[in-house]
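Peer 1: Here you go, this is model17.pdb (PDB, C-alpha atoms).
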```
ATOM      1  CA  MET A   1      65.883  43.473  27.354  1.00  0.00           C
ATOM      2  CA  ASN A   2      66.434  47.233  27.443  1.00  0.00           C
ATOM      3  CA  GLU A   3      63.439  49.351  26.650  1.00  0.00           C
ATOM      4  CA  CYS A   4      64.253  52.007  24.092  1.00  0.00           C
ATOM      5  CA  THR A   5      61.917  54.790  23.087  1.00  0.00           C
ATOM      6  CA  LEU A   6      62.293  55.687  19.422  1.00  0.00           C
ATOM      7  CA  LEU A   7      61.460  59.197  18.271  1.00  0.00           C
ATOM      8  CA  THR A   8      61.183  60.923  14.927  1.00  0.00           C
ATOM      9  CA  PRO A   9      63.653  63.736  14.238  1.00  0.00           C
ATOM     10  CA  ARG A  10      60.856  66.252  14.877  1.00  0.00           C
ATOM     11  CA  GLN A  11      59.981  64.671  18.228  1.00  0.00           C
ATOM     12  CA  LEU A  12      63.637  64.515  19.273  1.00  0.00           C
ATOM     13  CA  ALA A  13      64.098  68.168  18.288  1.00  0.00           C
ATOM     14  CA  ALA A  14      61.098  69.176  20.397  1.00  0.00           C
ATOM     15  CA  GLU A  15      62.359  67.157  23.364  1.00  0.00           C
ATOM     16  CA  THR A  16      65.987  68.324  23.253  1.00  0.00           C
ATOM     17  CA  GLY A  17      65.651  71.857  21.927  1.00  0.00           C
ATOM     18  CA  TRP A  18      68.005  71.118  19.059  1.00  0.00           C
ATOM     19  CA  PRO A  19      66.888  72.244  15.587  1.00  0.00           C
ATOM     20  CA  GLU A  20      65.332  69.457  13.519  1.00  0.00           C
ATOM     21  CA  LYS A  21      67.557  70.456  10.594  1.00  0.00           C
ATOM     22  CA  ARG A  22      70.687  69.823  12.706  1.00  0.00           C
ATOM     23  CA  ILE A  23      69.396  66.403  13.767  1.00  0.00           C
ATOM     24  CA  ARG A  24      68.667  65.506  10.129  1.00  0.00           C
ATOM     25  CA  LYS A  25      72.204  66.629   9.195  1.00  0.00           C
ATOM     26  CA  LEU A  26      73.627  64.326  11.875  1.00  0.00           C
ATOM     27  CA  ILE A  27      71.552  61.502  10.385  1.00  0.00           C
ATOM     28  CA  SER A  28      72.756  62.246   6.845  1.00  0.00           C
ATOM     29  CA  THR A  29      76.400  62.205   7.947  1.00  0.00           C
ATOM     30  CA  ARG A  30      75.788  59.083  10.083  1.00  0.00           C
ATOM     31  CA  SER A  31      77.068  60.932  13.132  1.00  0.00           C
ATOM     32  CA  ILE A  32      74.167  59.849  15.313  1.00  0.00           C
ATOM     33  CA  ARG A  33      72.466  56.490  15.935  1.00  0.00           C
ATOM     34  CA  PHE A  34      69.248  55.970  14.029  1.00  0.00           C
ATOM     35  CA  LEU A  35      66.969  53.300  12.641  1.00  0.00           C
ATOM     36  CA  ARG A  36      65.662  53.554   9.120  1.00  0.00           C
ATOM     37  CA  SER A  37      62.212  52.098   8.695  1.00  0.00           C
ATOM     38  CA  GLY A  38      61.231  52.515   5.064  1.00  0.00           C
ATOM     39  CA  ALA A  39      61.406  56.241   4.400  1.00  0.00           C
ATOM     40  CA  ASN A  40      61.219  57.094   8.104  1.00  0.00           C
ATOM     41  CA  PHE A  41      64.074  57.718  10.489  1.00  0.00           C
ATOM     42  CA  LEU A  42      63.733  56.849  14.159  1.00  0.00           C
ATOM     43  CA  LEU A  43      66.227  57.801  16.832  1.00  0.00           C
ATOM     44  CA  PRO A  44      66.739  56.562  20.377  1.00  0.00           C
ATOM     45  CA  GLN A  45      65.589  59.067  22.974  1.00  0.00           C
ATOM     46  CA  ASN A  46      69.177  59.424  24.262  1.00  0.00           C
ATOM     47  CA  ALA A  47      70.794  59.818  20.813  1.00  0.00           C
ATOM     48  CA  ILE A  48      71.764  63.466  21.368  1.00  0.00           C
ATOM     49  CA  HIS A  49      73.275  62.691  24.780  1.00  0.00           C
ATOM     50  CA  GLU A  50      75.320  59.859  23.220  1.00  0.00           C
ATOM     51  CA  TYR A  51      76.474  62.162  20.423  1.00  0.00           C
ATOM     52  CA  ILE A  52      77.577  64.833  22.889  1.00  0.00           C
ATOM     53  CA  ALA A  53      79.391  62.319  25.106  1.00  0.00           C
ATOM     54  CA  ARG A  54      81.173  60.781  22.119  1.00  0.00           C
ATOM     55  CA  ASN A  55      82.310  64.152  20.744  1.00  0.00           C
ATOM     56  CA  MET A  56      83.110  65.937  23.981  1.00  0.00           C
ATOM     57  CA  VAL A  57      86.632  67.341  23.987  1.00  0.00           C
ATOM     58  CA  GLU A  58      88.282  67.039  27.355  1.00  0.00           C
ATOM     59  CA  PRO A  59      90.575  69.856  28.427  1.00  0.00           C
ATOM     60  CA  TYR A  60      94.268  69.243  28.133  1.00  0.00           C
ATOM     61  CA  THR A  61      96.024  69.446  31.455  1.00  0.00           C
ATOM     62  CA  ALA A  62      99.712  69.971  30.849  1.00  0.00           C
ATOM     63  CA  GLU A  63     102.118  69.309  33.636  1.00  0.00           C
ATOM     64  CA  VAL A  64     104.385  72.219  34.267  1.00  0.00           C
ATOM     65  CA  ALA A  65     107.880  71.331  33.120  1.00  0.00           C
ATOM     66  CA  GLU A  66     110.567  72.319  35.550  1.00  0.00           C
ATOM     67  CA  ASP A  67     113.833  73.673  34.210  1.00  0.00           C
ATOM     68  CA  GLY A  68     116.779  72.228  35.845  1.00  0.00           C
TER      69      GLY A  68
END
```
The structure in this file should be written as structure tokens.

Peer 2:
Amino acid sequence: MNECTLLTPRQLAAETGWPEKRIRKLISTRSIRFLRSGANFLLPQNAIHEYIARNMVEPYTAEVAEDG
């Protein structure tokens, strides 16, 4: 079984450098994985990395169309 460290929003903010308010907003919009335990929210340690990977916009590489 995979080991998963669960952190509070405050702990995750301290670890990642993201503002706690932004992390709580992601929780409220269900944009990030979390576990609700009573009134507490717990997030996997890699939740921010998953969020970034899921929302990363890849550059569009257009092929040059040749006239002719």

Peer 1: Tell me, in Å to one decimal, how far CA of Ile23 (chain A) is from CA of Ile48 (chain A).

Peer 2: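 A separation of 8.5 Å between them.
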
Peer 1: I'd like to see the residues matched by the PyMOL selection byres ((chain A and resi 5) around 12) on this file, and ideally I'd get them as a ChimeraX atom specification.

Peer 2: /A:2-4,6-8,11-12,34-35,42-47

Peer 1: Using Å and a single decimal, report how far CA of Ala53 (chain A) sits from CA of Ala39 (chain A).

Peer 2: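 So the two atoms, CA of Ala39 (chain A) and CA of Ala53 (chain A), lie 28.1 Å apart.
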
Peer 1: As a PyMOL selection string, please: the residues near Leu26 (chain A) (cut-off 12 Å, only C-alpha atoms, same-chain neighbours under 5 positions excluded).

Peer 2: chain A and resi 9+18-21+31-34+41+43+47-48+51-52

Peer 1: Point out the residue among A:Arg30, A:Glu63, A:Glu58, A:His49 with the least atom-to-atom distance to Glu15 (chain A), counting only C-alpha atoms.

Peer 2: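 Selected residue with least distance to Glu15 (chain A): A:His49.
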
Peer 1: What is the distance between CA of Arg24 (chain A) and CA of Glu50 (chain A), in Å to one decimal?

Peer 2: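 Spanning CA of Arg24 (chain A) to CA of Glu50 (chain A) is a straight-line distance of 15.7 Å.
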